[in-house]
>>> print(open('coords.cif').read())   # mmCIF, C-alpha atoms
data_entry
#
loop_
_atom_site.label_atom_id
_atom_site.label_comp_id
_atom_site.auth_asym_id
_atom_site.auth_seq_id
_atom_site.Cartn_x
_atom_site.Cartn_y
_atom_site.Cartn_z
CA MET B 490 41.07 -7.17 35.65
CA ALA B 491 42.53 -8.23 38.96
CA ILE B 492 41.21 -11.48 40.35
CA THR B 493 39.72 -9.80 43.43
CA ASN B 494 37.85 -7.04 41.59
CA PHE B 495 34.75 -9.11 40.85
CA GLU B 496 34.34 -9.89 44.53
CA VAL B 497 34.83 -6.23 45.40
CA TYR B 498 32.16 -5.12 42.92
CA ALA B 499 29.80 -7.81 44.20
CA THR B 500 30.32 -6.81 47.83
CA ARG B 501 29.77 -3.12 47.14
CA LEU B 502 26.65 -3.63 45.05
CA ARG B 503 25.22 -5.96 47.69
CA ASP B 504 25.84 -3.46 50.50
CA ASP B 505 22.46 -2.08 51.65
CA LYS B 506 24.16 0.87 53.32
CA LEU B 507 25.40 2.34 50.05
CA SER B 508 23.21 4.95 48.38
CA VAL B 509 21.53 4.30 45.05
CA LYS B 510 23.66 6.98 43.40
CA LEU B 511 26.86 5.35 44.59
CA LYS B 512 25.69 1.94 43.38
CA LEU B 513 24.88 3.58 40.05
CA THR B 514 28.45 4.84 39.80
CA ILE B 515 29.78 1.37 40.59
CA ALA B 516 27.46 -0.29 38.06
CA HIS B 517 28.39 2.23 35.39
CA GLU B 518 32.09 1.63 36.00
CA LEU B 519 31.49 -2.13 35.76
CA CYS B 520 29.51 -1.71 32.53
CA GLU B 521 32.24 0.38 30.93
CA SER B 522 34.90 -2.18 31.85
CA LEU B 523 33.13 -5.08 30.07
CA GLU B 524 34.87 -4.45 26.76
CA PHE B 525 38.26 -5.07 28.36
CA PHE B 526 37.36 -8.53 29.72
CA GLN B 527 38.98 -11.69 28.43
CA LEU B 528 36.94 -14.85 27.85
CA GLN B 529 37.92 -16.33 31.21
CA ASP B 530 36.88 -13.06 32.88
CA TYR B 531 33.32 -13.42 31.59
CA SER B 532 32.98 -16.87 33.13
CA ARG B 533 34.00 -15.56 36.54
CA PHE B 534 31.90 -12.43 36.06
CA VAL B 535 28.77 -14.50 35.41
CA SER B 536 29.33 -16.80 38.38
CA ILE B 537 30.11 -14.00 40.86
CA LEU B 538 28.14 -10.95 39.74
CA TRP B 539 25.03 -12.38 38.10
CA PRO B 540 23.41 -13.34 41.46
CA VAL B 541 24.02 -9.80 42.74
CA ILE B 542 22.56 -8.18 39.61
CA ARG B 543 19.56 -10.54 39.73
CA ASP B 544 18.84 -9.72 43.37
CA LEU B 545 19.11 -5.97 42.78
CA LEU B 546 16.66 -6.13 39.88
CA LEU B 547 14.16 -8.36 41.69
CA LYS B 548 14.28 -6.84 45.16
CA THR B 549 14.29 -3.13 44.33
CA PRO B 550 11.01 -1.67 43.04
CA ALA B 551 10.71 -0.41 39.47
CA VAL B 552 10.41 3.36 39.01
CA PHE B 553 8.65 5.33 36.29
CA MET B 554 10.64 8.56 36.11
CA SER B 555 13.41 8.54 33.51
CA THR B 556 15.91 10.58 35.53
CA ALA B 557 15.42 8.89 38.91
CA PRO B 558 18.65 7.32 40.23
CA GLU B 559 16.85 3.99 40.76
CA GLN B 560 15.81 3.96 37.10
CA LYS B 561 19.34 4.73 35.94
CA LEU B 562 20.70 1.92 38.13
CA ARG B 563 18.20 -0.63 36.80
CA SER B 564 18.85 0.50 33.24
CA THR B 565 22.62 0.12 33.72
CA LEU B 566 22.27 -3.35 35.24
CA LEU B 567 20.16 -4.46 32.26
CA GLU B 568 22.71 -2.95 29.90
CA ILE B 569 25.40 -5.05 31.59
CA ILE B 570 23.36 -8.20 30.91
CA GLN B 571 22.82 -7.09 27.32
CA ARG B 572 26.52 -6.39 26.71
CA ILE B 573 27.84 -9.69 28.04
CA PRO B 574 28.67 -11.83 24.98
CA HIS B 575 25.86 -14.35 24.56
CA SER B 576 28.27 -17.23 24.12
CA GLU B 577 28.96 -20.39 26.10
CA VAL B 578 29.57 -18.36 29.27
CA PHE B 579 25.80 -17.81 29.43
CA ARG B 580 24.87 -21.47 29.17
CA PRO B 581 24.94 -22.29 32.93
CA ILE B 582 22.62 -19.40 33.80
CA VAL B 583 20.59 -18.83 30.64
CA LEU B 584 17.37 -20.34 32.00
CA GLU B 585 17.61 -18.29 35.19
CA VAL B 586 18.39 -15.11 33.25
CA VAL B 587 15.43 -15.49 30.89
CA THR B 588 13.07 -16.43 33.73
CA THR B 589 14.19 -13.31 35.61
CA LEU B 590 13.75 -11.06 32.60
CA VAL B 591 10.26 -12.42 31.87
CA SER B 592 9.23 -11.65 35.44
CA LEU B 593 10.71 -8.14 35.16
CA VAL B 594 8.67 -7.32 32.06
CA LYS B 595 5.52 -7.64 34.18
CA VAL B 596 6.58 -4.90 36.61
CA GLU B 597 9.08 -2.73 34.76
CA ASN B 598 8.68 0.52 32.88
CA GLU B 599 8.60 0.41 29.10
CA ASP B 600 12.23 1.41 28.49
CA ASN B 601 13.69 -1.30 30.70
CA ALA B 602 11.18 -3.89 29.47
CA VAL B 603 12.22 -3.28 25.86
CA VAL B 604 15.82 -4.11 26.83
CA CYS B 605 14.60 -7.22 28.66
CA LEU B 606 12.73 -8.42 25.57
CA LYS B 607 15.68 -7.79 23.26
CA VAL B 608 17.90 -9.90 25.52
CA ILE B 609 15.23 -12.63 25.76
CA TYR B 610 15.07 -12.82 21.96
CA GLU B 611 18.84 -13.06 21.55
CA LEU B 612 19.16 -15.73 24.24
CA HIS B 613 16.24 -17.75 22.90
CA ARG B 614 17.70 -17.59 19.42
CA MET B 615 20.94 -19.15 20.71
CA TYR B 616 19.66 -21.51 23.43
CA ARG B 617 16.26 -22.70 22.21
CA GLN B 618 16.66 -26.22 23.51
CA LEU B 619 17.56 -25.02 27.00
CA LEU B 620 14.59 -22.65 27.20
CA GLU B 621 11.67 -24.95 26.42
CA SER B 622 10.31 -24.53 29.95
CA VAL B 623 10.04 -20.75 29.42
CA ALA B 624 8.03 -21.04 26.21
CA GLN B 625 4.56 -21.37 27.75
CA PRO B 626 5.06 -18.62 30.39
CA PHE B 627 6.22 -16.21 27.70
CA LEU B 628 3.31 -17.04 25.41
CA GLU B 629 0.97 -16.32 28.32
CA LEU B 630 2.78 -13.01 28.88
CA ALA B 631 2.37 -12.14 25.19
CA SER B 632 -1.36 -12.81 25.37
CA GLU B 633 -1.65 -10.65 28.46
CA ILE B 634 0.15 -7.75 26.75
CA TYR B 635 -2.17 -7.95 23.73
CA ARG B 636 -5.13 -8.14 26.10
CA ASN B 637 -4.07 -4.73 27.45
CA ALA B 638 -4.32 -3.02 24.06
CA ASP B 639 -7.43 -1.04 25.03
CA GLN B 640 -5.69 0.16 28.16
CA MET B 641 -2.71 1.32 26.08
CA LEU B 642 -5.01 3.30 23.80
CA LYS B 643 -6.83 4.80 26.77
CA ALA B 644 -3.51 6.05 28.15
CA MET B 645 -3.14 8.12 24.99
CA ASP B 646 -6.24 10.14 25.94
CA SER B 647 -4.20 11.96 28.58
CA MET B 648 -1.86 13.22 25.86
CA ASP B 649 -4.52 15.26 24.08
CA THR B 650 -3.72 18.37 26.11
CA PRO B 651 -0.35 19.98 26.88
CA ALA B 652 -1.17 19.85 30.58
CA SER B 653 -0.71 16.11 30.53
CA LEU B 654 2.98 16.57 29.84
CA SER B 655 3.57 17.65 33.41
CA THR B 656 1.26 15.16 35.09
CA PRO B 657 3.22 12.33 36.77
CA ASN B 658 2.19 8.84 35.78
CA VAL B 659 3.02 7.33 39.16
CA ASN B 660 1.31 6.95 42.50
CA LEU B 661 3.16 9.21 44.93
CA MET B 662 2.30 6.91 47.83
CA SER B 663 3.87 3.88 46.17
CA PRO B 664 7.46 2.66 46.61
CA SER B 665 8.09 3.66 42.99
CA ALA B 666 8.08 7.29 44.11
CA MET B 667 10.73 6.79 46.81
CA SER B 668 13.36 8.69 44.87
CA PRO B 669 13.28 12.48 44.93
CA GLY B 670 14.05 12.25 41.23
CA PRO B 671 15.16 15.21 39.17
CA ASP B 672 14.68 18.84 40.00
CA ALA B 673 11.41 20.34 38.92
CA GLY B 674 13.17 22.34 36.25
CA ASP B 675 14.81 19.31 34.62
CA ALA B 676 13.51 19.47 31.06
CA THR B 677 14.88 16.04 30.18
CA SER B 678 12.76 14.22 32.75
CA LYS B 679 9.80 12.23 31.50
CA ASN B 680 7.30 9.79 32.88
CA LEU B 681 7.63 6.21 31.69
CA ASN B 682 4.64 3.98 30.99
CA LYS B 683 4.21 0.61 32.63
CA ALA B 684 5.59 -2.13 30.42
CA MET B 685 2.33 -4.07 30.33
CA SER B 686 0.54 -1.00 28.96
CA SER B 687 3.06 0.09 26.35
CA PHE B 688 2.95 -0.14 22.57
CA LYS B 689 6.77 0.01 22.57
CA VAL B 690 6.84 -3.23 24.55
CA LEU B 691 4.15 -4.83 22.41
CA THR B 692 6.29 -4.07 19.33
CA GLU B 693 9.04 -6.37 20.64
CA VAL B 694 6.74 -9.31 21.40
CA PRO B 695 5.87 -10.80 17.96
CA ILE B 696 9.41 -11.72 16.90
CA ILE B 697 9.99 -13.59 20.18
CA VAL B 698 6.69 -15.45 19.84
CA VAL B 699 7.58 -16.48 16.28
CA SER B 700 10.94 -17.79 17.52
CA ILE B 701 9.23 -19.77 20.30
CA ILE B 702 6.58 -21.25 18.00
CA GLN B 703 9.19 -22.30 15.45
CA ALA B 704 11.04 -24.16 18.19
CA ASN B 705 7.96 -25.49 20.03
CA ARG B 706 5.28 -26.43 17.52
CA ARG B 707 3.22 -28.23 20.14
CA HIS B 708 2.32 -24.86 21.69
CA ALA B 709 1.40 -23.29 18.37
CA GLU B 710 -2.15 -24.23 17.40
CA GLN B 711 -3.78 -23.57 20.76
CA PHE B 712 -1.86 -20.32 21.15
CA VAL B 713 -2.84 -19.08 17.70
CA THR B 714 -6.49 -19.91 18.39
CA ASN B 715 -6.40 -17.97 21.67
CA ILE B 716 -4.45 -14.92 20.55
CA LEU B 717 -6.01 -14.37 17.11
CA PRO B 718 -9.04 -12.41 18.44
CA LEU B 719 -6.66 -10.24 20.50
CA ILE B 720 -4.45 -9.56 17.48
CA LEU B 721 -7.38 -8.60 15.27
CA HIS B 722 -8.76 -6.30 17.96
CA MET B 723 -5.36 -4.64 18.36
CA LEU B 724 -5.19 -4.01 14.61
CA GLU B 725 -8.59 -2.28 14.82
CA LEU B 726 -7.36 0.40 17.22
CA SER B 727 -7.47 3.90 15.76
CA GLN B 728 -4.91 6.63 16.21
CA LYS B 729 -5.87 9.50 18.50
CA GLY B 730 -6.36 12.81 16.68
CA ALA B 731 -5.65 11.11 13.37
CA GLY B 732 -7.74 13.64 11.46
CA LEU B 733 -5.96 16.67 12.90
CA GLN B 734 -3.06 18.53 11.37
CA PRO B 735 0.32 17.99 13.14
CA GLU B 736 0.33 21.54 14.53
CA PHE B 737 -2.88 20.78 16.43
CA THR B 738 -1.55 17.69 18.21
CA SER B 739 1.04 17.56 20.98
CA HIS B 740 4.48 16.09 20.43
CA SER B 741 3.70 13.35 22.95
CA LEU B 742 0.50 12.40 21.14
CA ARG B 743 2.31 12.20 17.80
CA ALA B 744 5.00 10.01 19.37
CA ALA B 745 2.33 7.77 20.92
CA ASN B 746 0.55 7.45 17.56
CA SER B 747 3.87 6.49 15.99
CA ASP B 748 4.34 3.79 18.64
CA LEU B 749 0.81 2.52 17.92
CA ILE B 750 1.24 2.28 14.15
CA THR B 751 4.66 0.65 14.57
CA ALA B 752 3.18 -1.93 16.93
CA GLN B 753 0.38 -2.56 14.45
CA SER B 754 2.84 -3.09 11.59
CA LYS B 755 4.74 -5.65 13.70
CA THR B 756 1.45 -7.29 14.59
CA LEU B 757 0.48 -7.44 10.91
CA SER B 758 3.77 -9.24 10.23
CA PHE B 759 2.86 -11.51 13.13
CA LEU B 760 -0.47 -12.23 11.47
CA ALA B 761 1.27 -12.90 8.16
CA PHE B 762 3.39 -15.56 9.86
CA PHE B 763 0.23 -17.22 11.15
CA ALA B 764 -1.41 -16.91 7.72
CA ARG B 765 1.32 -18.97 6.13
CA GLY B 766 1.59 -21.61 8.82
CA PHE B 767 -1.96 -21.80 10.17
CA THR B 768 -4.13 -20.70 7.24
CA ALA B 769 -7.10 -22.85 8.24
CA LEU B 770 -7.36 -21.09 11.60
CA LEU B 771 -7.45 -17.67 9.94
CA LEU B 772 -9.89 -18.39 7.12
CA PRO B 773 -13.04 -17.68 9.23
CA SER B 774 -11.65 -14.17 9.80
CA GLN B 775 -10.35 -13.56 6.28
CA ASP B 776 -12.76 -10.72 5.39
CA ARG B 777 -11.87 -8.92 8.59
CA ILE B 778 -8.14 -9.44 7.94
CA ALA B 779 -8.40 -8.01 4.41
CA GLN B 780 -10.27 -4.92 5.61
CA LEU B 781 -7.83 -4.36 8.49
CA THR B 782 -4.87 -4.60 6.13
CA LEU B 783 -6.37 -1.92 3.90
CA ASN B 784 -7.20 0.29 6.89
CA LEU B 785 -3.64 0.11 8.21
CA LEU B 786 -2.15 1.12 4.88
CA CYS B 787 -4.56 4.06 4.72
CA ALA B 788 -3.78 5.11 8.30
CA CYS B 789 0.01 4.85 8.07
CA PRO B 790 1.52 8.36 8.38
CA ALA B 791 3.26 9.78 5.33
CA GLU B 792 6.61 10.03 7.12
CA SER B 793 6.61 6.40 8.37
CA THR B 794 8.40 4.89 5.38
CA ALA B 795 9.94 1.92 7.20
CA THR B 796 6.61 1.06 8.84
CA ARG B 797 4.76 1.17 5.53
CA LYS B 798 7.44 -1.00 3.93
CA GLU B 799 6.91 -3.62 6.64
CA MET B 800 3.14 -3.48 6.05
CA LEU B 801 3.57 -4.01 2.31
CA ILE B 802 5.84 -7.02 2.86
CA ALA B 803 3.44 -8.51 5.42
CA THR B 804 0.48 -7.97 3.11
CA ARG B 805 2.31 -9.72 0.29
CA HIS B 806 2.77 -12.74 2.55
CA VAL B 807 -0.91 -12.70 3.47
CA VAL B 808 -2.09 -12.60 -0.17
CA SER B 809 0.17 -15.55 -0.96
CA THR B 810 -2.29 -17.73 1.00
CA GLU B 811 -5.94 -18.66 0.50
CA ILE B 812 -6.89 -15.53 2.44
CA ARG B 813 -6.30 -13.57 -0.78
CA LYS B 814 -9.86 -14.35 -1.90
CA ALA B 815 -11.10 -11.86 0.69
CA PHE B 816 -9.14 -9.11 -1.12
CA VAL B 817 -11.22 -9.40 -4.31
CA PRO B 818 -13.91 -6.87 -3.21
CA LEU B 819 -11.12 -4.49 -2.14
CA ALA B 820 -9.01 -4.78 -5.30
CA ASP B 821 -10.08 -1.30 -6.48
CA ARG B 822 -8.65 0.31 -3.35
CA PHE B 823 -5.31 -1.43 -3.78
CA LEU B 824 -5.02 0.10 -7.25
CA ASP B 825 -4.42 3.48 -5.63
CA MET B 826 -0.85 4.66 -5.14
CA GLN B 827 -1.93 6.86 -2.22
CA VAL B 828 -3.08 3.72 -0.42
CA LEU B 829 0.02 1.70 -1.30
CA VAL B 830 2.86 4.18 -0.88
CA GLY B 831 1.20 7.16 0.75
CA SER B 832 1.93 10.83 0.14
CA GLY B 833 5.42 11.03 1.61
CA LEU B 834 8.21 11.85 -0.83
CA ALA B 835 10.57 9.24 0.66
CA SER B 836 7.87 6.58 0.48
CA GLN B 837 7.10 7.37 -3.16
CA CYS B 838 10.80 7.12 -4.06
CA ILE B 839 11.56 3.96 -2.06
CA LEU B 840 8.41 1.86 -1.77
CA LYS B 841 7.13 1.57 -5.34
CA PRO B 842 9.00 -1.72 -5.99
CA PHE B 843 7.42 -3.24 -2.86
CA ALA B 844 3.99 -1.93 -3.82
CA PHE B 845 4.25 -3.27 -7.38
CA SER B 846 5.42 -6.68 -6.12
CA LEU B 847 2.41 -6.84 -3.80
CA LEU B 848 0.04 -5.85 -6.59
CA ALA B 849 1.58 -8.33 -9.05
CA ASP B 850 1.11 -11.21 -6.61
CA LEU B 851 -2.39 -10.17 -5.63
CA MET B 852 -3.72 -9.52 -9.13
CA HIS B 853 -2.11 -12.65 -10.56
CA HIS B 854 -3.92 -14.89 -8.08
CA ILE B 855 -7.33 -13.20 -8.18
CA ARG B 856 -7.48 -12.09 -11.82
CA ALA B 857 -10.07 -14.75 -12.72
CA GLU B 858 -12.43 -13.38 -10.05
CA LEU B 859 -12.15 -9.69 -10.94
CA SER B 860 -15.09 -7.92 -12.57
CA PRO B 861 -14.73 -6.25 -15.99
CA GLN B 862 -14.71 -2.87 -14.25
CA GLN B 863 -11.88 -3.99 -11.96
CA LEU B 864 -9.90 -5.37 -14.90
CA THR B 865 -10.33 -2.07 -16.74
CA LEU B 866 -9.13 -0.19 -13.66
CA MET B 867 -6.12 -2.49 -13.40
CA VAL B 868 -5.13 -1.83 -17.02
CA ASP B 869 -5.55 1.93 -16.51
CA PHE B 870 -3.40 1.74 -13.39
CA TYR B 871 -0.70 -0.17 -15.25
CA ALA B 872 -0.74 2.30 -18.15
CA GLY B 873 -0.52 5.21 -15.73
CA CYS B 874 2.52 3.68 -14.02
CA MET B 875 4.20 3.08 -17.40
CA HIS B 876 3.77 6.75 -18.30
CA ASP B 877 4.87 8.05 -14.87
#
>>> encode(input="coords.cif", output="structure tokens")
Amino acid sequence: MAITNFEVYATRLRDDKLSVKLKLTIAHELCESLEFFQLQDYSRFVSILWPVIRDLLLKTPAVFMSTAPEQKLRSTLLEIIQRIPHSEVFRPIVLEVVTTLVSLVKVENEDNAVVCLKVIYELHRMYRQLLESVAQPFLELASEIYRNADQMLKAMDSMDTPASLSTPNVNLMSPSAMSPGPDAGDATSKNLNKAMSSFKVLTEVPIIVVSIIQANRRHAEQFVTNILPLILHMLELSQKGAGLQPEFTSHSLRAANSDLITAQSKTLSFLAFFARGFTALLLPSQDRIAQLTLNLLCACPAESTATRKEMLIATRHVVSTEIRKAFVPLADRFLDMQVLVGSGLASQCILKPFAFSLLADLMHHIRAELSPQQLTLMVDFYAGCMHD
């Protein structure tokens, strides 16, 4: 790329007189050209264009319509950040980039916020020592997102009727509605939830928190104490219309339920991490944890094989700690293949090894505390599996 091109792109993107659609075209062209850059190009790119991209993201308001030009521009700018190799070229600006992305999560829509969180995780994984000052602000953000769990569930109420599919989720008097957006007949247009009220965003939070705690142990104990009640409450949330057949629920409601159960499976893995590293803090809630684990396995949809697999792995980690004693009264329920692997054909073909590993660990550790009736049931279960 010619030496003057970076300056030209920067000047054009900074020009307030250019329309959003034209800036989108410029940003898209810049994004597509990233793969042709040489290493020295990335260094110049970061020094010249990062300030422009940062200012555009911070100074222009977030929008909540998927096809609005402003949304496409913001999405493309975030994609540019994501596609820049996270190598040494990022080192001079990594703290500023992560600080910017954390602030964007608070105001963005869910799609853009998910990209922000993915980039934050990758950068923190590579530059932990440089990002210590961001640890506490992000942990506070994580707590705030979990605190909004009830609000996320309440937003699903509007999806119970087909009419909600055409109801905009944005205040028409706000700056977010400044774009005319797509034509009324554009079937691909959809409203985007606010990031702070999105299960999709919550799903991305646990892995970043684990990375931060592993690198900053001094933040861990107080954070775990504060967020544990929020985590347990989030795991107690019930799916909307869970007792209805699929044909009686809207597509949007089914998708929202899928986002909820996925977020809960990630949160259960989150809890399993705490169970292994901070067992003493979780012991007062062990009965509640055991019951919630069982409830999640029962509520997991038949088609969600990957989600159920993650739940089984997380549960195995939980029962490897002293919390397993709380599973003794529930042992009968775990000796039910419908609870462990569900009714889905894919789950029954794929997940039995994970289910049997969980059962082997659980029963091995609690066998001395099982009643004769439970031991009899365990032998019957084993015999049934052998003859399957």
>>> residues_around(input="coords.cif", residues="Ile537 in chain B", least_positions_apart="4", cutoff="7 Å", atoms="all atoms listed in the file", output="ChimeraX atom specification")
/B:495-496,533
>>> resolve_selection(input="coords.cif", expression="the PyMOL selection byres ((chain B and resi 766-774) around 12)", output="JSON list (two decimals) with C-alpha atoms, in the coordinates of the input")
[["chain", "number", "residue", "atom", "x", "y", "z"],
["B", 699, "VAL", "CA", 7.58, -16.48, 16.28],
["B", 702, "ILE", "CA", 6.58, -21.25, 18.00],
["B", 703, "GLN", "CA", 9.19, -22.30, 15.45],
["B", 706, "ARG", "CA", 5.28, -26.43, 17.52],
["B", 709, "ALA", "CA", 1.40, -23.29, 18.37],
["B", 710, "GLU", "CA", -2.15, -24.23, 17.40],
["B", 711, "GLN", "CA", -3.78, -23.57, 20.76],
["B", 712, "PHE", "CA", -1.86, -20.32, 21.15],
["B", 713, "VAL", "CA", -2.84, -19.08, 17.70],
["B", 714, "THR", "CA", -6.49, -19.91, 18.39],
["B", 715, "ASN", "CA", -6.40, -17.97, 21.67],
["B", 716, "ILE", "CA", -4.45, -14.92, 20.55],
["B", 717, "LEU", "CA", -6.01, -14.37, 17.11],
["B", 718, "PRO", "CA", -9.04, -12.41, 18.44],
["B", 720, "ILE", "CA", -4.45, -9.56, 17.48],
["B", 721, "LEU", "CA", -7.38, -8.60, 15.27],
["B", 722, "HIS", "CA", -8.76, -6.30, 17.96],
["B", 759, "PHE", "CA", 2.86, -11.51, 13.13],
["B", 760, "LEU", "CA", -0.47, -12.23, 11.47],
["B", 761, "ALA", "CA", 1.27, -12.90, 8.16],
["B", 762, "PHE", "CA", 3.39, -15.56, 9.86],
["B", 763, "PHE", "CA", 0.23, -17.22, 11.15],
["B", 764, "ALA", "CA", -1.41, -16.91, 7.72],
["B", 765, "ARG", "CA", 1.32, -18.97, 6.13],
["B", 775, "GLN", "CA", -10.35, -13.56, 6.28],
["B", 776, "ASP", "CA", -12.76, -10.72, 5.39],
["B", 777, "ARG", "CA", -11.87, -8.92, 8.59],
["B", 778, "ILE", "CA", -8.14, -9.44, 7.94],
["B", 779, "ALA", "CA", -8.40, -8.01, 4.41],
["B", 780, "GLN", "CA", -10.27, -4.92, 5.61],
["B", 781, "LEU", "CA", -7.83, -4.36, 8.49],
["B", 806, "HIS", "CA", 2.77, -12.74, 2.55],
["B", 807, "VAL", "CA", -0.91, -12.70, 3.47],
["B", 808, "VAL", "CA", -2.09, -12.60, -0.17],
["B", 809, "SER", "CA", 0.17, -15.55, -0.96],
["B", 810, "THR", "CA", -2.29, -17.73, 1.00],
["B", 811, "GLU", "CA", -5.94, -18.66, 0.50],
["B", 812, "ILE", "CA", -6.89, -15.53, 2.44],
["B", 813, "ARG", "CA", -6.30, -13.57, -0.78],
["B", 814, "LYS", "CA", -9.86, -14.35, -1.90],
["B", 815, "ALA", "CA", -11.10, -11.86, 0.69]]
>>> resolve_selection(input="coords.cif", expression="the PyMOL selection byres ((chain B and resi 757) around 8)", output="compact mmCIF listing (two decimals) with C-alpha atoms, keeping the file's coordinate frame")
# COMPACT_ATOMS: atom_id res chain seq x y z
CA LEU B 724 -5.19 -4.01 14.61
CA GLN B 753 0.38 -2.56 14.45
CA SER B 754 2.84 -3.09 11.59
CA LYS B 755 4.74 -5.65 13.70
CA THR B 756 1.45 -7.29 14.59
CA SER B 758 3.77 -9.24 10.23
CA PHE B 759 2.86 -11.51 13.13
CA LEU B 760 -0.47 -12.23 11.47
CA ALA B 761 1.27 -12.90 8.16
CA THR B 782 -4.87 -4.60 6.13
CA MET B 800 3.14 -3.48 6.05
CA ALA B 803 3.44 -8.51 5.42
CA THR B 804 0.48 -7.97 3.11
>>> atom_distance(input="coords.cif", atom1="CA of Asp505 in chain B", atom2="CA of Glu559 in chain B")
13.7 Å
>>> residues_around(input="coords.cif", residues="range 601-605 of chain B", least_positions_apart="5", cutoff="8 Å", atoms="all atoms listed in the file", output="MDAnalysis selection string")
chainID B and resid 563:564 567:568 571 590:591 593:594 684 689:690 693
>>> write_last_selection(input="coords.cif", atoms="C-alpha atoms", output="compact mmCIF listing (two decimals), in the coordinates of the input")
# COMPACT_ATOMS: atom_id res chain seq x y z
CA ARG B 563 18.20 -0.63 36.80
CA SER B 564 18.85 0.50 33.24
CA LEU B 567 20.16 -4.46 32.26
CA GLU B 568 22.71 -2.95 29.90
CA GLN B 571 22.82 -7.09 27.32
CA LEU B 590 13.75 -11.06 32.60
CA VAL B 591 10.26 -12.42 31.87
CA LEU B 593 10.71 -8.14 35.16
CA VAL B 594 8.67 -7.32 32.06
CA ALA B 684 5.59 -2.13 30.42
CA LYS B 689 6.77 0.01 22.57
CA VAL B 690 6.84 -3.23 24.55
CA GLU B 693 9.04 -6.37 20.64
>>> closest_residue(input="coords.cif", among="B:Cys874, B:Ala557, B:Ala820, B:Ile697", to="Lys841 in chain B", atoms="all atoms listed in the file")
B:Cys874
>>> resolve_selection(input="coords.cif", expression="the PyMOL selection byres ((chain B and resi 700) around 10)", output="number ranges by chain")
B: 610, 613-614, 617, 624, 695-699, 701-705
>>> write_last_selection(input="coords.cif", atoms="C-alpha atoms", output="PDB file, in the frame of the given file")
ATOM      1  CA  TYR B 610      15.070 -12.820  21.960  1.00  0.00           C
ATOM      2  CA  HIS B 613      16.240 -17.750  22.900  1.00  0.00           C
ATOM      3  CA  ARG B 614      17.700 -17.590  19.420  1.00  0.00           C
ATOM      4  CA  ARG B 617      16.260 -22.700  22.210  1.00  0.00           C
ATOM      5  CA  ALA B 624       8.030 -21.040  26.210  1.00  0.00           C
ATOM      6  CA  PRO B 695       5.870 -10.800  17.960  1.00  0.00           C
ATOM      7  CA  ILE B 696       9.410 -11.720  16.900  1.00  0.00           C
ATOM      8  CA  ILE B 697       9.990 -13.590  20.180  1.00  0.00           C
ATOM      9  CA  VAL B 698       6.690 -15.450  19.840  1.00  0.00           C
ATOM     10  CA  VAL B 699       7.580 -16.480  16.280  1.00  0.00           C
ATOM     11  CA  ILE B 701       9.230 -19.770  20.300  1.00  0.00           C
ATOM     12  CA  ILE B 702       6.580 -21.250  18.000  1.00  0.00           C
ATOM     13  CA  GLN B 703       9.190 -22.300  15.450  1.00  0.00           C
ATOM     14  CA  ALA B 704      11.040 -24.160  18.190  1.00  0.00           C
ATOM     15  CA  ASN B 705       7.960 -25.490  20.030  1.00  0.00           C
TER      16      ASN B 705
END
>>> atom_distance(input="coords.cif", atom1="CA of Asp600 in chain B", atom2="CA of Arg636 in chain B")
20.0 Å
>>> residues_around(input="coords.cif", residues="Pro581 in chain B", least_positions_apart="4", cutoff="12 Å", atoms="only C-alpha atoms", output="VMD selection string")
chain B and resid 532 to 533 535 to 536 539 575 to 577 585 to 587 616 619 to 620
>>> atom_distance(input="coords.cif", atom1="CA of Val830 in chain B", atom2="CA of Met645 in chain B")
26.8 Å
>>> closest_residue(input="coords.cif", among="B:Asp825, B:Met723, B:Met685, B:Val817", to="His853 in chain B", atoms="all atoms listed in the file")
B:Val817
>>> closest_residue(input="coords.cif", among="B:His517, B:Lys548, B:Lys607, B:His876", to="Ile569 in chain B", atoms="all atoms listed in the file")
B:His517
>>> residues_around(input="coords.cif", residues="range 508-513 of chain B", least_positions_apart="6", cutoff="12 Å", atoms="only C-alpha atoms", output="number ranges by chain")
B: 498-502, 519-520, 541-542, 545, 549, 556-566, 667-670
>>> residues_near_point(input="coords.cif", point="(9.9, 5.7, 36.3)", cutoff="6 Å", atoms="all atoms listed in the file", output="VMD selection string")
chain B and resid 552 to 555 680 to 681
>>> residues_around(input="coords.cif", residues="Ser793 in chain B", least_positions_apart="2", cutoff="9 Å", atoms="all atoms listed in the file", output="list in words")
Ser747, Ile750, Thr751, Cys789, Pro790, Ala791, Ala795, Thr796, Arg797, Lys798, Gly833 and Ser836 of chain B
>>> closest_residue(input="coords.cif", among="B:Leu749, B:Leu630, B:Ala744, B:Ile609", to="Leu642 in chain B", atoms="all atoms listed in the file")
B:Leu749
>>> decode(input="coords.cif", residues="range 702-706 of chain B", atoms="N, CA and C atoms", output="compact mmCIF listing (two decimals), in the first residue's frame")
# COMPACT_ATOMS: atom_id res chain seq x y z
N ILE B 702 -9.04 -13.10 36.55
CA ILE B 702 -8.80 -13.61 37.90
C ILE B 702 -7.52 -14.44 37.96
N GLN B 703 -7.26 -15.22 36.92
CA GLN B 703 -6.03 -16.01 36.89
C GLN B 703 -4.79 -15.12 36.88
N ALA B 704 -4.92 -13.94 36.29
CA ALA B 704 -3.78 -13.02 36.22
C ALA B 704 -3.73 -12.04 37.38
N ASN B 705 -4.86 -11.85 38.07
CA ASN B 705 -4.94 -10.87 39.17
C ASN B 705 -5.64 -11.49 40.36
N ARG B 706 -4.97 -12.35 41.07
CA ARG B 706 -5.60 -13.08 42.17
C ARG B 706 -6.06 -12.16 43.30
